[in-house]
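Peer 1: I'm passing along model_16.cif; it holds mmCIF, C-alpha atoms.
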```cif
data_query
loop_
_atom_site.group_PDB
_atom_site.id
_atom_site.type_symbol
_atom_site.label_atom_id
_atom_site.label_comp_id
_atom_site.auth_asym_id
_atom_site.auth_seq_id
_atom_site.Cartn_x
_atom_site.Cartn_y
_atom_site.Cartn_z
ATOM 1 C CA MET A 119 0.908 33.372 -72.550
ATOM 2 C CA TYR A 120 -2.822 33.578 -72.961
ATOM 3 C CA GLN A 121 -4.807 30.339 -73.085
ATOM 4 C CA GLN A 122 -8.126 30.172 -74.615
ATOM 5 C CA ASP A 123 -11.060 28.813 -72.602
ATOM 6 C CA ARG A 124 -11.844 25.442 -74.084
ATOM 7 C CA GLY A 125 -15.142 24.943 -72.293
ATOM 8 C CA TYR A 126 -13.887 22.704 -69.509
ATOM 9 C CA ARG A 127 -15.009 25.050 -66.809
ATOM 10 C CA THR A 128 -18.663 25.504 -66.270
ATOM 11 C CA ASN A 129 -20.303 28.011 -64.056
ATOM 12 C CA GLU A 130 -22.023 25.864 -61.423
ATOM 13 C CA PRO A 131 -24.488 27.443 -59.081
ATOM 14 C CA ILE A 132 -23.046 28.116 -55.638
ATOM 15 C CA ARG A 133 -25.560 25.794 -53.972
ATOM 16 C CA LYS A 134 -24.551 22.840 -56.178
ATOM 17 C CA ALA A 135 -20.847 23.550 -55.698
ATOM 18 C CA PHE A 136 -21.352 23.724 -51.923
ATOM 19 C CA MET A 137 -23.228 20.394 -51.851
ATOM 20 C CA HIS A 138 -20.427 18.676 -53.777
ATOM 21 C CA SER A 139 -17.669 20.023 -51.548
ATOM 22 C CA CYS A 140 -16.378 18.257 -48.440
ATOM 23 C CA LEU A 141 -17.596 21.043 -46.172
ATOM 24 C CA GLY A 142 -21.048 20.855 -47.723
ATOM 25 C CA LYS A 143 -21.246 17.103 -47.154
ATOM 26 C CA LEU A 144 -20.181 17.543 -43.526
ATOM 27 C CA VAL A 145 -22.810 20.240 -42.991
ATOM 28 C CA ILE A 146 -25.516 17.998 -44.508
ATOM 29 C CA LEU A 147 -24.402 15.084 -42.307
ATOM 30 C CA GLY A 148 -24.478 17.357 -39.247
ATOM 31 C CA VAL A 149 -28.013 18.536 -40.065
ATOM 32 C CA PHE A 150 -29.209 14.933 -40.424
ATOM 33 C CA LEU A 151 -27.598 14.027 -37.085
ATOM 34 C CA LEU A 152 -29.226 16.999 -35.362
ATOM 35 C CA ILE A 153 -32.625 16.022 -36.760
ATOM 36 C CA ALA A 154 -32.089 12.394 -35.609
ATOM 37 C CA LEU A 155 -31.082 13.547 -32.110
ATOM 38 C CA PHE A 156 -34.078 15.886 -31.966
ATOM 39 C CA VAL A 157 -36.430 13.031 -32.860
ATOM 40 C CA ALA A 158 -34.648 10.677 -30.413
ATOM 41 C CA TYR A 159 -35.023 13.178 -27.590
ATOM 42 C CA PHE A 160 -38.794 13.408 -27.996
ATOM 43 C CA THR A 161 -39.390 9.698 -28.662
ATOM 44 C CA THR A 162 -37.348 8.283 -25.764
ATOM 45 C CA PRO A 163 -39.524 5.812 -23.811
ATOM 46 C CA THR A 164 -40.498 6.759 -20.270
ATOM 47 C CA GLU A 165 -39.318 4.804 -17.245
ATOM 48 C CA LYS A 166 -42.755 3.237 -16.803
ATOM 49 C CA GLU A 167 -42.826 2.043 -20.442
ATOM 50 C CA MET A 168 -39.310 0.645 -20.051
ATOM 51 C CA LEU A 169 -40.279 -1.315 -16.931
ATOM 52 C CA ILE A 170 -43.415 -2.784 -18.511
ATOM 53 C CA GLU A 171 -41.854 -3.782 -21.850
ATOM 54 C CA THR A 172 -38.606 -5.107 -20.353
ATOM 55 C CA ASP A 173 -40.515 -7.138 -17.770
ATOM 56 C CA ASP A 174 -42.523 -8.597 -20.653
ATOM 57 C CA GLY A 175 -39.263 -9.501 -22.434
ATOM 58 C CA ILE A 176 -37.908 -11.181 -19.299
ATOM 59 C CA ILE A 177 -41.089 -13.229 -18.929
ATOM 60 C CA GLU A 178 -40.777 -14.310 -22.575
ATOM 61 C CA CYS A 179 -37.175 -15.328 -21.835
ATOM 62 C CA LEU A 180 -38.411 -17.407 -18.884
ATOM 63 C CA ILE A 181 -41.023 -19.053 -21.117
ATOM 64 C CA ALA A 182 -38.476 -19.846 -23.829
ATOM 65 C CA ASN A 183 -36.060 -21.416 -21.314
ATOM 66 C CA ASP A 184 -38.726 -23.322 -19.384
ATOM 67 C CA SER A 185 -37.848 -26.861 -20.418
ATOM 68 C CA ILE A 186 -34.762 -26.538 -22.619
ATOM 69 C CA LYS A 187 -32.052 -24.099 -21.591
ATOM 70 C CA GLY A 188 -30.839 -22.408 -24.750
ATOM 71 C CA ASP A 189 -27.562 -20.731 -25.465
ATOM 72 C CA PRO A 190 -27.125 -16.944 -25.746
ATOM 73 C CA ILE A 191 -27.864 -17.001 -29.490
ATOM 74 C CA ASP A 192 -31.329 -18.400 -28.728
ATOM 75 C CA ASP A 193 -31.801 -15.603 -26.201
ATOM 76 C CA TYR A 194 -30.854 -12.966 -28.799
ATOM 77 C CA VAL A 195 -33.317 -14.409 -31.320
ATOM 78 C CA ASN A 196 -36.046 -14.515 -28.638
ATOM 79 C CA ASN A 197 -35.267 -10.910 -27.716
ATOM 80 C CA MET A 198 -35.716 -9.781 -31.314
ATOM 81 C CA SER A 199 -39.025 -11.608 -31.586
ATOM 82 C CA SER A 200 -40.255 -10.290 -28.237
ATOM 83 C CA ILE A 201 -40.102 -6.726 -29.561
ATOM 84 C CA PHE A 202 -43.285 -7.401 -31.513
ATOM 85 C CA THR A 203 -45.084 -9.865 -29.198
ATOM 86 C CA TYR A 204 -46.462 -9.974 -25.666
ATOM 87 C CA ALA A 205 -45.809 -12.706 -23.099
ATOM 88 C CA ASP A 206 -48.524 -15.079 -21.970
ATOM 89 C CA THR A 207 -47.984 -15.187 -18.209
ATOM 90 C CA THR A 208 -50.081 -18.342 -17.861
ATOM 91 C CA LEU A 209 -47.268 -20.331 -19.503
ATOM 92 C CA VAL A 210 -44.847 -19.600 -16.639
ATOM 93 C CA SER A 211 -45.243 -21.578 -13.433
ATOM 94 C CA GLU A 212 -46.174 -19.655 -10.305
ATOM 95 C CA ASP A 213 -43.007 -20.802 -8.522
ATOM 96 C CA VAL A 214 -40.755 -19.395 -11.247
ATOM 97 C CA MET A 215 -42.646 -16.089 -11.309
ATOM 98 C CA LYS A 216 -42.506 -15.847 -7.520
ATOM 99 C CA ALA A 217 -38.760 -16.541 -7.519
ATOM 100 C CA TYR A 218 -38.224 -13.996 -10.309
ATOM 101 C CA ARG A 219 -40.172 -11.304 -8.438
ATOM 102 C CA THR A 220 -38.470 -12.119 -5.109
ATOM 103 C CA TYR A 221 -34.802 -12.300 -6.106
ATOM 104 C CA ASN A 222 -34.638 -9.779 -8.966
ATOM 105 C CA LYS A 223 -35.272 -6.051 -9.119
ATOM 106 C CA LEU A 224 -35.839 -4.196 -12.381
ATOM 107 C CA GLU A 225 -34.746 -0.551 -12.619
ATOM 108 C CA ALA A 226 -35.235 1.869 -15.518
ATOM 109 C CA TYR A 227 -33.179 4.957 -16.320
ATOM 110 C CA ARG A 228 -34.048 7.668 -18.815
ATOM 111 C CA HIS A 229 -31.078 9.297 -20.487
ATOM 112 C CA THR A 230 -31.092 12.246 -22.878
ATOM 113 C CA PHE A 231 -31.543 10.365 -26.148
ATOM 114 C CA TYR A 232 -32.288 6.797 -24.972
ATOM 115 C CA ALA A 233 -33.436 4.788 -21.947
ATOM 116 C CA THR A 234 -32.028 1.673 -20.312
ATOM 117 C CA ALA A 235 -33.329 -1.031 -17.977
ATOM 118 C CA ARG A 236 -31.123 -2.878 -15.496
ATOM 119 C CA LEU A 237 -31.738 -6.119 -13.609
ATOM 120 C CA VAL A 238 -30.269 -6.110 -10.100
ATOM 121 C CA ASN A 239 -29.828 -9.330 -8.105
ATOM 122 C CA ASN A 240 -27.187 -11.138 -6.039
ATOM 123 C CA LEU A 241 -25.392 -12.303 -9.192
ATOM 124 C CA HIS A 242 -25.137 -8.727 -10.475
ATOM 125 C CA PRO A 243 -25.326 -6.316 -7.525
ATOM 126 C CA GLU A 244 -24.385 -3.402 -9.791
ATOM 127 C CA GLY A 245 -27.030 -4.489 -12.292
ATOM 128 C CA VAL A 246 -26.893 -5.819 -15.818
ATOM 129 C CA ASN A 247 -28.469 -4.162 -18.867
ATOM 130 C CA VAL A 248 -31.587 -6.030 -19.963
ATOM 131 C CA GLY A 249 -33.269 -3.438 -22.179
ATOM 132 C CA VAL A 250 -32.625 -0.404 -24.378
ATOM 133 C CA GLY A 251 -35.215 2.105 -25.556
ATOM 134 C CA LEU A 252 -34.573 4.343 -28.549
ATOM 135 C CA PHE A 253 -36.872 6.133 -31.013
ATOM 136 C CA GLY A 254 -39.936 4.839 -29.163
ATOM 137 C CA LEU A 255 -38.836 1.211 -29.598
ATOM 138 C CA ILE A 256 -37.884 -0.912 -26.595
ATOM 139 C CA ILE A 257 -35.458 -3.750 -27.293
ATOM 140 C CA PRO A 258 -34.942 -6.359 -24.548
ATOM 141 C CA THR A 259 -31.373 -7.651 -24.254
ATOM 142 C CA VAL A 260 -31.894 -10.171 -21.452
ATOM 143 C CA ILE A 261 -29.928 -13.420 -21.231
ATOM 144 C CA TYR A 262 -31.339 -16.275 -19.174
ATOM 145 C CA LYS A 263 -28.184 -16.778 -17.107
ATOM 146 C CA ASP A 264 -28.503 -13.192 -15.776
ATOM 147 C CA ILE A 265 -31.828 -13.958 -14.065
ATOM 148 C CA LEU A 266 -31.543 -15.263 -10.500
ATOM 149 C CA LEU A 267 -34.194 -17.882 -9.701
ATOM 150 C CA ASP A 268 -32.630 -19.963 -6.907
ATOM 151 C CA VAL A 269 -30.932 -18.796 -3.732
ATOM 152 C CA GLY A 270 -29.254 -21.122 -1.257
ATOM 153 C CA PRO A 271 -26.422 -21.124 1.249
ATOM 154 C CA VAL A 272 -22.944 -21.139 -0.220
ATOM 155 C CA HIS A 273 -21.394 -22.844 2.811
ATOM 156 C CA LYS A 274 -22.596 -24.072 6.204
ATOM 157 C CA GLY A 275 -20.058 -22.710 8.621
ATOM 158 C CA TYR A 276 -17.406 -20.075 9.048
ATOM 159 C CA ASN A 277 -14.224 -22.011 8.206
ATOM 160 C CA GLN A 278 -15.596 -24.374 5.580
ATOM 161 C CA LYS A 279 -14.705 -24.409 1.926
ATOM 162 C CA ILE A 280 -17.192 -22.732 -0.379
ATOM 163 C CA ILE A 281 -17.215 -25.620 -2.824
ATOM 164 C CA GLN A 282 -17.109 -29.101 -1.289
ATOM 165 C CA PRO A 283 -15.521 -31.755 -3.497
ATOM 166 C CA THR A 284 -18.090 -34.275 -4.660
ATOM 167 C CA ALA A 285 -15.678 -37.226 -4.838
ATOM 168 C CA PRO A 286 -12.577 -37.898 -2.749
ATOM 169 C CA GLU A 287 -9.288 -37.113 -4.424
ATOM 170 C CA PRO A 288 -7.700 -40.214 -5.957
ATOM 171 C CA ASP A 289 -4.656 -41.693 -4.237
ATOM 172 C CA LEU A 290 -1.710 -41.263 -6.539
ATOM 173 C CA GLY A 291 0.570 -43.467 -4.421
ATOM 174 C CA SER A 292 3.988 -42.558 -3.128
ATOM 175 C CA ASN A 293 6.644 -40.984 -5.283
ATOM 176 C CA PRO A 294 9.730 -42.996 -6.063
ATOM 177 C CA ASN A 295 12.956 -41.822 -4.599
ATOM 178 C CA ILE A 296 13.905 -39.139 -7.070
ATOM 179 C CA GLN A 297 17.538 -38.140 -7.007
ATOM 180 C CA GLU A 298 19.406 -35.493 -8.836
ATOM 181 C CA PHE A 299 21.010 -36.429 -12.094
ATOM 182 C CA HIS A 300 24.642 -37.291 -11.498
ATOM 183 C CA TYR A 301 27.081 -36.985 -14.324
ATOM 184 C CA LYS A 302 29.630 -39.731 -14.174
ATOM 185 C CA ARG A 303 32.974 -38.851 -15.466
ATOM 186 C CA ASN A 304 34.880 -41.206 -17.554
ATOM 187 C CA PRO A 305 37.938 -42.188 -15.501
ATOM 188 C CA ASP A 306 40.047 -42.333 -18.652
ATOM 189 C CA ASN A 307 39.908 -38.560 -19.115
#
```
Could you spell out this file's structure in structure tokens?

Peer 2:
Amino acid sequence: MYQQDRGYRTNEPIRKAFMHSCLGKLVILGVFLLIALFVAYFTTPTEKEMLIETDDGIIECLIANDSIKGDPIDDYVNNMSSIFTYADTTLVSEDVMKAYRTYNKLEAYRHTFYATARLVNNLHPEGVNVGVGLFGLIIPTVIYKDILLDVGPVHKGYNQKIIQPTAPEPDLGSNPNIQEFHYKRNPDN
């Protein structure tokens, strides 16, 4: 049986039909991703830029935690604000800066599409990420507890405990004579 065309079908241009199809949307998404990766490749910060900007972020973290030790949320907020500001090194005491420079080592790595900075010290011998660089922007991710500022002996001798108790253990007294539970039978049974 022959059906008459009622005008429901329209002749769309091929380009418009392709853009509305699933394959067309995937191709457009792929092109955008390739352009973003191309831009990321050429705008990745160098190792020298990563070291300078991340060191600045660590100094700002030291300034923010100078008198009042904040929690990690405070560190995250300080990290976001330190993207756009520079640290005033006169606000940090010389002893803290000397300890930071002595006990911590900052390393930068450039990857294909981004760069990272790692802080290596005795707390984190493998290093901990303290900065990420992407699209020419360097974002510090340092947390104050990752920075090593004091080093001291853990124990004095070979066979001593690592942590010495600060107070003697309380005397709990002697235990009463605990016996097993004995079930007494009723002699009538």

Peer 1: Report the closest atom pair, with its distance in Å rounded to one decimal, for each residue of region 205-271 of chain A that has an atom no farther than 8 Å from region 166-184 of chain A; count all atoms listed in the file, sort by chain and then rising residue number, and write it as JSON lines.

Peer 2:
```
{"residue": "A:Ala205", "atom": "CA", "partner": "A:Glu178", "partner_atom": "CA", "distance": 5.3}
{"residue": "A:Asp206", "atom": "CA", "partner": "A:Glu178", "partner_atom": "CA", "distance": 7.8}
{"residue": "A:Thr207", "atom": "CA", "partner": "A:Ile177", "partner_atom": "CA", "distance": 7.2}
{"residue": "A:Leu209", "atom": "CA", "partner": "A:Ile181", "partner_atom": "CA", "distance": 6.6}
{"residue": "A:Val210", "atom": "CA", "partner": "A:Ile181", "partner_atom": "CA", "distance": 5.9}
{"residue": "A:Leu224", "atom": "CA", "partner": "A:Leu169", "partner_atom": "CA", "distance": 7.0}
{"residue": "A:Glu225", "atom": "CA", "partner": "A:Leu169", "partner_atom": "CA", "distance": 7.1}
{"residue": "A:Ala226", "atom": "CA", "partner": "A:Leu169", "partner_atom": "CA", "distance": 6.1}
{"residue": "A:Ala233", "atom": "CA", "partner": "A:Met168", "partner_atom": "CA", "distance": 7.4}
{"residue": "A:Thr234", "atom": "CA", "partner": "A:Met168", "partner_atom": "CA", "distance": 7.4}
{"residue": "A:Ala235", "atom": "CA", "partner": "A:Met168", "partner_atom": "CA", "distance": 6.5}
{"residue": "A:Val248", "atom": "CA", "partner": "A:Thr172", "partner_atom": "CA", "distance": 7.1}
{"residue": "A:Gly249", "atom": "CA", "partner": "A:Thr172", "partner_atom": "CA", "distance": 5.9}
{"residue": "A:Gly251", "atom": "CA", "partner": "A:Met168", "partner_atom": "CA", "distance": 7.0}
{"residue": "A:Ile256", "atom": "CA", "partner": "A:Glu171", "partner_atom": "CA", "distance": 6.8}
{"residue": "A:Ile257", "atom": "CA", "partner": "A:Thr172", "partner_atom": "CA", "distance": 7.7}
{"residue": "A:Pro258", "atom": "CA", "partner": "A:Thr172", "partner_atom": "CA", "distance": 5.7}
{"residue": "A:Val260", "atom": "CA", "partner": "A:Ile176", "partner_atom": "CA", "distance": 6.5}
{"residue": "A:Ile261", "atom": "CA", "partner": "A:Cys179", "partner_atom": "CA", "distance": 7.5}
{"residue": "A:Tyr262", "atom": "CA", "partner": "A:Cys179", "partner_atom": "CA", "distance": 6.5}
```

Peer 1: Please measure the separation of CA of Arg133 (chain A) and CA of Ile153 (chain A), giving the value in Å to one decimal.

Peer 2: 21.0 Å

Peer 1: Enclose region 184-187 of chain A, meaning all of its atoms listed in the file, in a box aligned along x, y and z, pad it by 8 Å on each side, and list the centre and edge lengths in Å to one decimal, as lines of an AutoDock Vina configuration file.

Peer 2:
```
center_x = -35.4
center_y = -25.1
center_z = -21.0
size_x = 22.7
size_y = 19.5
size_z = 19.2
```

Peer 1: Give me, as a ChimeraX atom specification, all polymer residues having an atom no more than 6 Å from Phe253 (chain A), counting all atoms listed in the file and skipping those fewer than 4 positions away in the same chain.

Peer 2: /A:158,161-162

Peer 1: I need the residue nearest Met198 (chain A) from this list: A:Leu255, A:Val214, A:Leu147, A:Leu152. Use only C-alpha atoms for the distance.

Peer 2: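 Among A:Leu255, A:Val214, A:Leu147, A:Leu152, it is A:Leu255 that comes nearest to Met198 (chain A).
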
Peer 1: I need the residue set behind the PyMOL selection byres ((chain A and resi 237-240) around 6) for this file; please write it as a list in words.

Peer 2: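 On this input, the PyMOL selection byres ((chain A and resi 237-240) around 6) captures Asn222, Lys223, Leu224, Arg236, Leu241, His242, Pro243, Gly245 and Val246 of chain A.
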
Peer 1: Fewer than 6 positions away in the same chain doesn't count, so skip those; otherwise give me all residues within 10 Å of Val157 (chain A), counting all atoms listed in the file, as a list in words.

Peer 2: Leu151, Phe231, Leu252, Phe253 and Gly254 of chain A

Peer 1: Convert the output of the PyMOL selection byres ((chain A and resi 217) around 10) on the shown file into explicit residues, formatted as a ChimeraX atom specification.

Peer 2: /A:212-216,218-222,265-269

Peer 1: Between A:Ser139, A:Thr230, A:Asn196, A:Asn247, which is the closest to Thr164 (chain A) once you count only C-alpha atoms?

Peer 2: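 Nearest to Thr164 (chain A): A:Thr230.
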
Peer 1: Mind giving me the straight-line distance from CA of Ile201 (chain A) to CA of Tyr227 (chain A) in Å, one decimal?

Peer 2: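 Separation between CA of Ile201 (chain A) and CA of Tyr227 (chain A): 19.0 Å.
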
Peer 1: Quick one: pull the distance between CA of Pro190 (chain A) and CA of Pro163 (chain A), Å, one decimal.

Peer 2: 26.0 Å

Peer 1: Given only C-alpha atoms as the basis, pick out the residue of A:Met137, A:Val250, A:Ala154, A:Leu144 nearest to Tyr232 (chain A).

Peer 2: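 The closest residue to Tyr232 (chain A) is A:Val250.
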